[in-house]
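Only one structure is covered here, and it is reproduced in the block below.
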Amino acid sequence: MSTIPPRIVDLHEIEPNRRRGGDLRAMLTPTTVGATSGFMGVAIMQPGERIGEHYHPYSEEFVTVVCGALEVDLDGVTHALAPDQGLMIPRNMRHRFRNVGRVEARMVFHLGPLAPRPELGHVDTEEEPEAAEAVEARA
């Protein structure tokens, strides 16, 4: 019998994280629900938005596209992603996402297993998208 009670988390309870581009909301996590094996969330991207390149040294990432037209670069190779498609990204694979459509795109993501500490779970490999866009605007 489980000692962790079930908990429903509404998207609007989670503050948007825009540091890596898009609107990332880690909804079901060790902090929010007591998860022990991984975490799950939603990425929301407006047309033209992207999530900067990164990789996960401890976790596989599972993605399901809910709506919109996305492209994902996997170790430098571009692939189209459409609604009702899923993707498994192996550990240590560099990846970035772009909304290439004309409407909002949404994808659900799950990572597991958890890294030993949260700060070890995600490694950025390029400037943050917002910072890169600011540099481009000044040039």
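Chain labels follow the order of the structure tokens: the first chain is A, the next B, and so on; residue numbering restarts at 1 in every chain, and ligands are counted from 1 in their shown order.
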
As a PDB file with all heavy atoms, in the first residue's frame, which residues of chain A does DSSP assign to helix (DSSP H, G or I)?
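What ended up in states_38.pdb:
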```pdb
ATOM      1  N   LEU A  11      -2.485  22.866 -14.259  1.00  0.00           N
ATOM      2  CA  LEU A  11      -1.442  23.603 -14.975  1.00  0.00           C
ATOM      3  C   LEU A  11      -1.250  25.003 -14.406  1.00  0.00           C
ATOM      4  O   LEU A  11      -0.126  25.488 -14.276  1.00  0.00           O
ATOM      5  CB  LEU A  11      -1.804  23.688 -16.464  1.00  0.00           C
ATOM      6  CG  LEU A  11      -0.849  24.471 -17.356  1.00  0.00           C
ATOM      7  CD1 LEU A  11       0.463  23.713 -17.511  1.00  0.00           C
ATOM      8  CD2 LEU A  11      -1.478  24.739 -18.708  1.00  0.00           C
ATOM      9  N   HIS A  12      -2.335  25.650 -14.036  1.00  0.00           N
ATOM     10  CA  HIS A  12      -2.265  27.030 -13.556  1.00  0.00           C
ATOM     11  C   HIS A  12      -1.700  27.167 -12.144  1.00  0.00           C
ATOM     12  O   HIS A  12      -1.427  28.274 -11.692  1.00  0.00           O
ATOM     13  CB  HIS A  12      -3.639  27.676 -13.691  1.00  0.00           C
ATOM     14  CG  HIS A  12      -4.094  27.693 -15.120  1.00  0.00           C
ATOM     15  ND1 HIS A  12      -4.930  26.726 -15.632  1.00  0.00           N
ATOM     16  CD2 HIS A  12      -3.771  28.500 -16.153  1.00  0.00           C
ATOM     17  CE1 HIS A  12      -5.123  26.967 -16.920  1.00  0.00           C
ATOM     18  NE2 HIS A  12      -4.424  28.023 -17.258  1.00  0.00           N
ATOM     19  N   GLU A  13      -1.486  26.049 -11.445  1.00  0.00           N
ATOM     20  CA  GLU A  13      -0.850  26.081 -10.124  1.00  0.00           C
ATOM     21  C   GLU A  13       0.666  26.223 -10.250  1.00  0.00           C
ATOM     22  O   GLU A  13       1.337  26.553  -9.280  1.00  0.00           O
ATOM     23  CB  GLU A  13      -1.126  24.776  -9.361  1.00  0.00           C
ATOM     24  CG  GLU A  13      -2.552  24.573  -8.932  1.00  0.00           C
ATOM     25  CD  GLU A  13      -2.702  23.232  -8.234  1.00  0.00           C
ATOM     26  OE1 GLU A  13      -1.937  22.946  -7.286  1.00  0.00           O
ATOM     27  OE2 GLU A  13      -3.593  22.465  -8.648  1.00  0.00           O
ATOM     28  N   PRO A  30       9.015  15.579  -7.549  1.00  0.00           N
ATOM     29  CA  PRO A  30       9.203  15.254  -6.127  1.00  0.00           C
ATOM     30  C   PRO A  30       8.658  16.352  -5.206  1.00  0.00           C
ATOM     31  O   PRO A  30       8.075  16.057  -4.162  1.00  0.00           O
ATOM     32  CB  PRO A  30      10.726  15.130  -5.998  1.00  0.00           C
ATOM     33  CG  PRO A  30      11.162  14.664  -7.356  1.00  0.00           C
ATOM     34  CD  PRO A  30      10.267  15.430  -8.315  1.00  0.00           C
ATOM     35  N   THR A  31       8.798  17.605  -5.605  1.00  0.00           N
ATOM     36  CA  THR A  31       8.330  18.716  -4.766  1.00  0.00           C
ATOM     37  C   THR A  31       6.812  18.842  -4.765  1.00  0.00           C
ATOM     38  O   THR A  31       6.205  19.017  -3.715  1.00  0.00           O
ATOM     39  CB  THR A  31       8.953  20.043  -5.245  1.00  0.00           C
ATOM     40  OG1 THR A  31      10.372  19.916  -5.197  1.00  0.00           O
ATOM     41  CG2 THR A  31       8.528  21.206  -4.375  1.00  0.00           C
ATOM     42  N   THR A  32       6.184  18.732  -5.941  1.00  0.00           N
ATOM     43  CA  THR A  32       4.742  18.977  -6.014  1.00  0.00           C
ATOM     44  C   THR A  32       3.890  17.798  -5.555  1.00  0.00           C
ATOM     45  O   THR A  32       2.819  18.003  -4.983  1.00  0.00           O
ATOM     46  CB  THR A  32       4.305  19.375  -7.439  1.00  0.00           C
ATOM     47  OG1 THR A  32       4.615  18.304  -8.343  1.00  0.00           O
ATOM     48  CG2 THR A  32       4.968  20.669  -7.883  1.00  0.00           C
ATOM     49  N   VAL A  33       4.353  16.563  -5.830  1.00  0.00           N
ATOM     50  CA  VAL A  33       3.513  15.402  -5.505  1.00  0.00           C
ATOM     51  C   VAL A  33       4.254  14.279  -4.787  1.00  0.00           C
ATOM     52  O   VAL A  33       3.683  13.228  -4.526  1.00  0.00           O
ATOM     53  CB  VAL A  33       2.825  14.836  -6.775  1.00  0.00           C
ATOM     54  CG1 VAL A  33       1.885  15.850  -7.387  1.00  0.00           C
ATOM     55  CG2 VAL A  33       3.839  14.338  -7.789  1.00  0.00           C
ATOM     56  N   PRO A 118      18.654  17.658  -8.286  1.00  0.00           N
ATOM     57  CA  PRO A 118      18.024  18.363  -9.412  1.00  0.00           C
ATOM     58  C   PRO A 118      19.010  19.122 -10.304  1.00  0.00           C
ATOM     59  O   PRO A 118      18.879  19.097 -11.523  1.00  0.00           O
ATOM     60  CB  PRO A 118      17.044  19.321  -8.732  1.00  0.00           C
ATOM     61  CG  PRO A 118      16.722  18.670  -7.435  1.00  0.00           C
ATOM     62  CD  PRO A 118      17.992  17.958  -7.020  1.00  0.00           C
ATOM     63  N   GLU A 119      20.006  19.762  -9.712  1.00  0.00           N
ATOM     64  CA  GLU A 119      20.935  20.566 -10.519  1.00  0.00           C
ATOM     65  C   GLU A 119      21.813  19.716 -11.435  1.00  0.00           C
ATOM     66  O   GLU A 119      22.448  20.229 -12.356  1.00  0.00           O
ATOM     67  CB  GLU A 119      21.808  21.470  -9.627  1.00  0.00           C
ATOM     68  CG  GLU A 119      22.739  20.743  -8.692  1.00  0.00           C
ATOM     69  CD  GLU A 119      22.138  20.320  -7.360  1.00  0.00           C
ATOM     70  OE1 GLU A 119      20.905  20.398  -7.179  1.00  0.00           O
ATOM     71  OE2 GLU A 119      22.924  19.907  -6.486  1.00  0.00           O
ATOM     72  N   LEU A 120      21.843  18.400 -11.228  1.00  0.00           N
ATOM     73  CA  LEU A 120      22.620  17.500 -12.086  1.00  0.00           C
ATOM     74  C   LEU A 120      21.792  16.923 -13.233  1.00  0.00           C
ATOM     75  O   LEU A 120      22.338  16.267 -14.118  1.00  0.00           O
ATOM     76  CB  LEU A 120      23.189  16.342 -11.258  1.00  0.00           C
ATOM     77  CG  LEU A 120      24.147  16.709 -10.139  1.00  0.00           C
ATOM     78  CD1 LEU A 120      24.546  15.453  -9.371  1.00  0.00           C
ATOM     79  CD2 LEU A 120      25.363  17.424 -10.689  1.00  0.00           C
ATOM     80  N   PRO A 129      17.783  30.812 -24.746  1.00  0.00           N
ATOM     81  CA  PRO A 129      17.146  31.411 -25.914  1.00  0.00           C
ATOM     82  C   PRO A 129      16.852  32.895 -25.767  1.00  0.00           C
ATOM     83  O   PRO A 129      17.081  33.662 -26.683  1.00  0.00           O
ATOM     84  CB  PRO A 129      15.858  30.597 -26.066  1.00  0.00           C
ATOM     85  CG  PRO A 129      16.202  29.277 -25.477  1.00  0.00           C
ATOM     86  CD  PRO A 129      17.138  29.585 -24.327  1.00  0.00           C
ATOM     87  N   GLU A 130      16.360  33.334 -24.605  1.00  0.00           N
ATOM     88  CA  GLU A 130      16.056  34.748 -24.425  1.00  0.00           C
ATOM     89  C   GLU A 130      17.318  35.590 -24.512  1.00  0.00           C
ATOM     90  O   GLU A 130      17.328  36.653 -25.116  1.00  0.00           O
ATOM     91  CB  GLU A 130      15.352  34.987 -23.089  1.00  0.00           C
ATOM     92  CG  GLU A 130      13.947  34.426 -23.065  1.00  0.00           C
ATOM     93  CD  GLU A 130      13.270  34.601 -21.726  1.00  0.00           C
ATOM     94  OE1 GLU A 130      13.862  35.221 -20.815  1.00  0.00           O
ATOM     95  OE2 GLU A 130      12.141  34.120 -21.587  1.00  0.00           O
ATOM     96  N   ALA A 131      18.416  35.119 -23.923  1.00  0.00           N
ATOM     97  CA  ALA A 131      19.678  35.851 -23.968  1.00  0.00           C
ATOM     98  C   ALA A 131      20.211  35.906 -25.397  1.00  0.00           C
ATOM     99  O   ALA A 131      20.703  36.939 -25.851  1.00  0.00           O
ATOM    100  CB  ALA A 131      20.711  35.201 -23.052  1.00  0.00           C
ATOM    101  N   ALA A 132      20.108  34.812 -26.139  1.00  0.00           N
ATOM    102  CA  ALA A 132      20.580  34.781 -27.520  1.00  0.00           C
ATOM    103  C   ALA A 132      19.773  35.743 -28.383  1.00  0.00           C
ATOM    104  O   ALA A 132      20.333  36.455 -29.221  1.00  0.00           O
ATOM    105  CB  ALA A 132      20.490  33.363 -28.074  1.00  0.00           C
ATOM    106  N   GLU A 133      18.454  35.808 -28.188  1.00  0.00           N
ATOM    107  CA  GLU A 133      17.618  36.718 -28.962  1.00  0.00           C
ATOM    108  C   GLU A 133      17.952  38.164 -28.634  1.00  0.00           C
ATOM    109  O   GLU A 133      17.955  39.020 -29.512  1.00  0.00           O
ATOM    110  CB  GLU A 133      16.145  36.417 -28.697  1.00  0.00           C
ATOM    111  CG  GLU A 133      15.717  35.091 -29.319  1.00  0.00           C
ATOM    112  CD  GLU A 133      14.394  34.573 -28.794  1.00  0.00           C
ATOM    113  OE1 GLU A 133      13.710  35.304 -28.049  1.00  0.00           O
ATOM    114  OE2 GLU A 133      14.043  33.432 -29.140  1.00  0.00           O
ATOM    115  N   ALA A 134      18.273  38.476 -27.373  1.00  0.00           N
ATOM    116  CA  ALA A 134      18.640  39.838 -27.004  1.00  0.00           C
ATOM    117  C   ALA A 134      19.953  40.246 -27.675  1.00  0.00           C
ATOM    118  O   ALA A 134      20.086  41.377 -28.142  1.00  0.00           O
ATOM    119  CB  ALA A 134      18.761  39.960 -25.480  1.00  0.00           C
ATOM    120  N   VAL A 135      20.914  39.340 -27.748  1.00  0.00           N
ATOM    121  CA  VAL A 135      22.188  39.622 -28.412  1.00  0.00           C
ATOM    122  C   VAL A 135      21.945  39.869 -29.893  1.00  0.00           C
ATOM    123  O   VAL A 135      22.477  40.809 -30.485  1.00  0.00           O
ATOM    124  CB  VAL A 135      23.190  38.464 -28.200  1.00  0.00           C
ATOM    125  CG1 VAL A 135      24.408  38.621 -29.093  1.00  0.00           C
ATOM    126  CG2 VAL A 135      23.617  38.409 -26.741  1.00  0.00           C
ATOM    127  N   GLU A 136      21.112  39.043 -30.538  1.00  0.00           N
ATOM    128  CA  GLU A 136      20.807  39.193 -31.953  1.00  0.00           C
ATOM    129  C   GLU A 136      20.119  40.525 -32.220  1.00  0.00           C
ATOM    130  O   GLU A 136      20.382  41.191 -33.211  1.00  0.00           O
ATOM    131  CB  GLU A 136      19.922  38.043 -32.437  1.00  0.00           C
ATOM    132  CG  GLU A 136      20.650  36.728 -32.499  1.00  0.00           C
ATOM    133  CD  GLU A 136      19.720  35.539 -32.735  1.00  0.00           C
ATOM    134  OE1 GLU A 136      18.529  35.772 -33.064  1.00  0.00           O
ATOM    135  OE2 GLU A 136      20.175  34.408 -32.603  1.00  0.00           O
ATOM    136  N   ALA A 137      19.216  40.952 -31.319  1.00  0.00           N
ATOM    137  CA  ALA A 137      18.490  42.213 -31.497  1.00  0.00           C
ATOM    138  C   ALA A 137      19.428  43.412 -31.419  1.00  0.00           C
ATOM    139  O   ALA A 137      19.217  44.409 -32.092  1.00  0.00           O
ATOM    140  CB  ALA A 137      17.384  42.323 -30.435  1.00  0.00           C
ATOM    141  N   ARG A 138      20.494  43.313 -30.598  1.00  0.00           N
ATOM    142  CA  ARG A 138      21.446  44.424 -30.464  1.00  0.00           C
ATOM    143  C   ARG A 138      22.407  44.489 -31.635  1.00  0.00           C
ATOM    144  O   ARG A 138      22.991  45.517 -31.896  1.00  0.00           O
ATOM    145  CB  ARG A 138      22.240  44.278 -29.172  1.00  0.00           C
ATOM    146  CG  ARG A 138      21.448  44.703 -27.944  1.00  0.00           C
ATOM    147  CD  ARG A 138      22.322  44.679 -26.714  1.00  0.00           C
ATOM    148  NE  ARG A 138      21.949  43.472 -25.968  1.00  0.00           N
ATOM    149  CZ  ARG A 138      22.773  42.631 -25.410  1.00  0.00           C
ATOM    150  NH1 ARG A 138      24.071  42.821 -25.464  1.00  0.00           N
ATOM    151  NH2 ARG A 138      22.354  41.580 -24.774  1.00  0.00           N
TER     152      ARG A 138
END
```

Exercise. For A:Val65, list every protein, DNA or RNA residue within 9 Å, evaluated using only C-alpha atoms, and leave out those in the same chain fewer than 4 positions away; present the list as JSON, numbers by chain.
Key: {"A": [69, 70, 81, 82, 83, 84, 85, 86, 87, 105, 106, 107, 108, 109]}

Selected residues, C-alpha atoms, written as an mmCIF file, in the first residue's frame, please.
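Everything below was put into part37.cif:
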```
data_model
loop_
_atom_site.group_PDB
_atom_site.id
_atom_site.type_symbol
_atom_site.label_atom_id
_atom_site.label_comp_id
_atom_site.auth_asym_id
_atom_site.auth_seq_id
_atom_site.Cartn_x
_atom_site.Cartn_y
_atom_site.Cartn_z
ATOM 1 C CA ALA A 69 3.966 21.614 -35.393
ATOM 2 C CA LEU A 70 7.384 21.096 -33.838
ATOM 3 C CA LEU A 81 7.069 16.185 -34.712
ATOM 4 C CA ALA A 82 3.292 16.352 -35.077
ATOM 5 C CA PRO A 83 0.305 15.822 -32.772
ATOM 6 C CA ASP A 84 -0.242 12.255 -31.597
ATOM 7 C CA GLN A 85 3.444 11.397 -32.044
ATOM 8 C CA GLY A 86 5.735 10.305 -29.240
ATOM 9 C CA LEU A 87 9.513 10.492 -28.936
ATOM 10 C CA ALA A 105 2.320 23.999 -29.691
ATOM 11 C CA ARG A 106 2.053 21.841 -26.578
ATOM 12 C CA MET A 107 3.952 18.743 -25.607
ATOM 13 C CA VAL A 108 3.913 16.594 -22.512
ATOM 14 C CA PHE A 109 7.306 15.450 -21.231
#
```

Quiz prompt | Close residues, A:Ala115 itself excluded, 8 Å, only C-alpha atoms, min 5 positions apart in chain, as a PyMOL selection string | solution = chain A and resi 57-59+120-121

Exercise. Tell me which protein, DNA and RNA residues are within 9 Å of A:Leu74, counting only C-alpha atoms, leaving out same-chain ones fewer than 5 positions away, and put them as a ChimeraX atom specification.
Key: /A:79,89,93-96

Taking C-alpha atoms for each residue, export the selection above as a compact mmCIF listing (two decimals), in the first residue's frame.
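That gives us part.txt:
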```
# COMPACT_ATOMS: atom_id res chain seq x y z
CA HIS A 79 13.10 15.71 -37.17
CA ILE A 89 15.23 10.77 -26.14
CA MET A 93 21.49 13.03 -26.35
CA ARG A 94 21.59 16.76 -27.14
CA HIS A 95 18.16 18.07 -28.10
CA ARG A 96 16.25 21.30 -28.75
```

Quiz prompt | Those in chain A with strand (DSSP E) from DSSP, as a VMD selection string | solution = chain A and resid 23 to 28 39 to 45 50 to 55 60 to 67 70 to 74 77 to 81 86 to 89 95 to 99 105 to 112 123 to 124

Quiz item: Excluding same-chain residues fewer than 5 positions from A:His122, what lies within 7 Å of it counting only C-alpha atoms, as number ranges by chain?
Solution: A: 54-56

Could you name the residues that touch stretch 34-36 of chain A at 10 Å or less, counting only C-alpha atoms, but leaving out those on the same chain fewer than 5 positions away, as a compact mmCIF listing (two decimals) with C-alpha atoms, in the first residue's frame?
```txt
# COMPACT_ATOMS: atom_id res chain seq x y z
CA ILE A 4 2.13 8.86 -0.83
CA PRO A 5 -1.40 10.19 -1.37
CA PRO A 6 -2.55 10.89 -4.94
CA ARG A 7 -2.65 14.57 -5.93
CA LEU A 28 4.29 16.22 -11.25
CA THR A 29 7.62 16.31 -9.42
CA GLY A 112 13.14 9.28 -15.49
CA PRO A 113 14.89 8.13 -13.50
CA LEU A 114 15.58 11.18 -11.38
```

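With only C-alpha atoms as the basis for measurement, A:Arg98 is the residue among A:Val103, A:Pro16, A:Arg98, A:Leu111 that approaches A:Thr78 most closely.
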
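Computed from the coordinates, the atom CA of A:Arg102 to atom CA of A:Arg20 distance equals 20.8 Å.
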
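Compared by their closest atoms to A:Val72, and using only C-alpha atoms, the residues A:Glu126, A:Glu104, A:Glu53, A:Glu60 rank with A:Glu53 nearest.
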
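Nearest-residue note for A:Met88: choosing from A:Met45, A:Ile8, A:Val63, A:Val100, the minimum distance belongs to A:Val63, counting only C-alpha atoms.
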
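The space separating atom CA of A:Val9 from atom CA of A:Leu24 comes to 14.7 Å.
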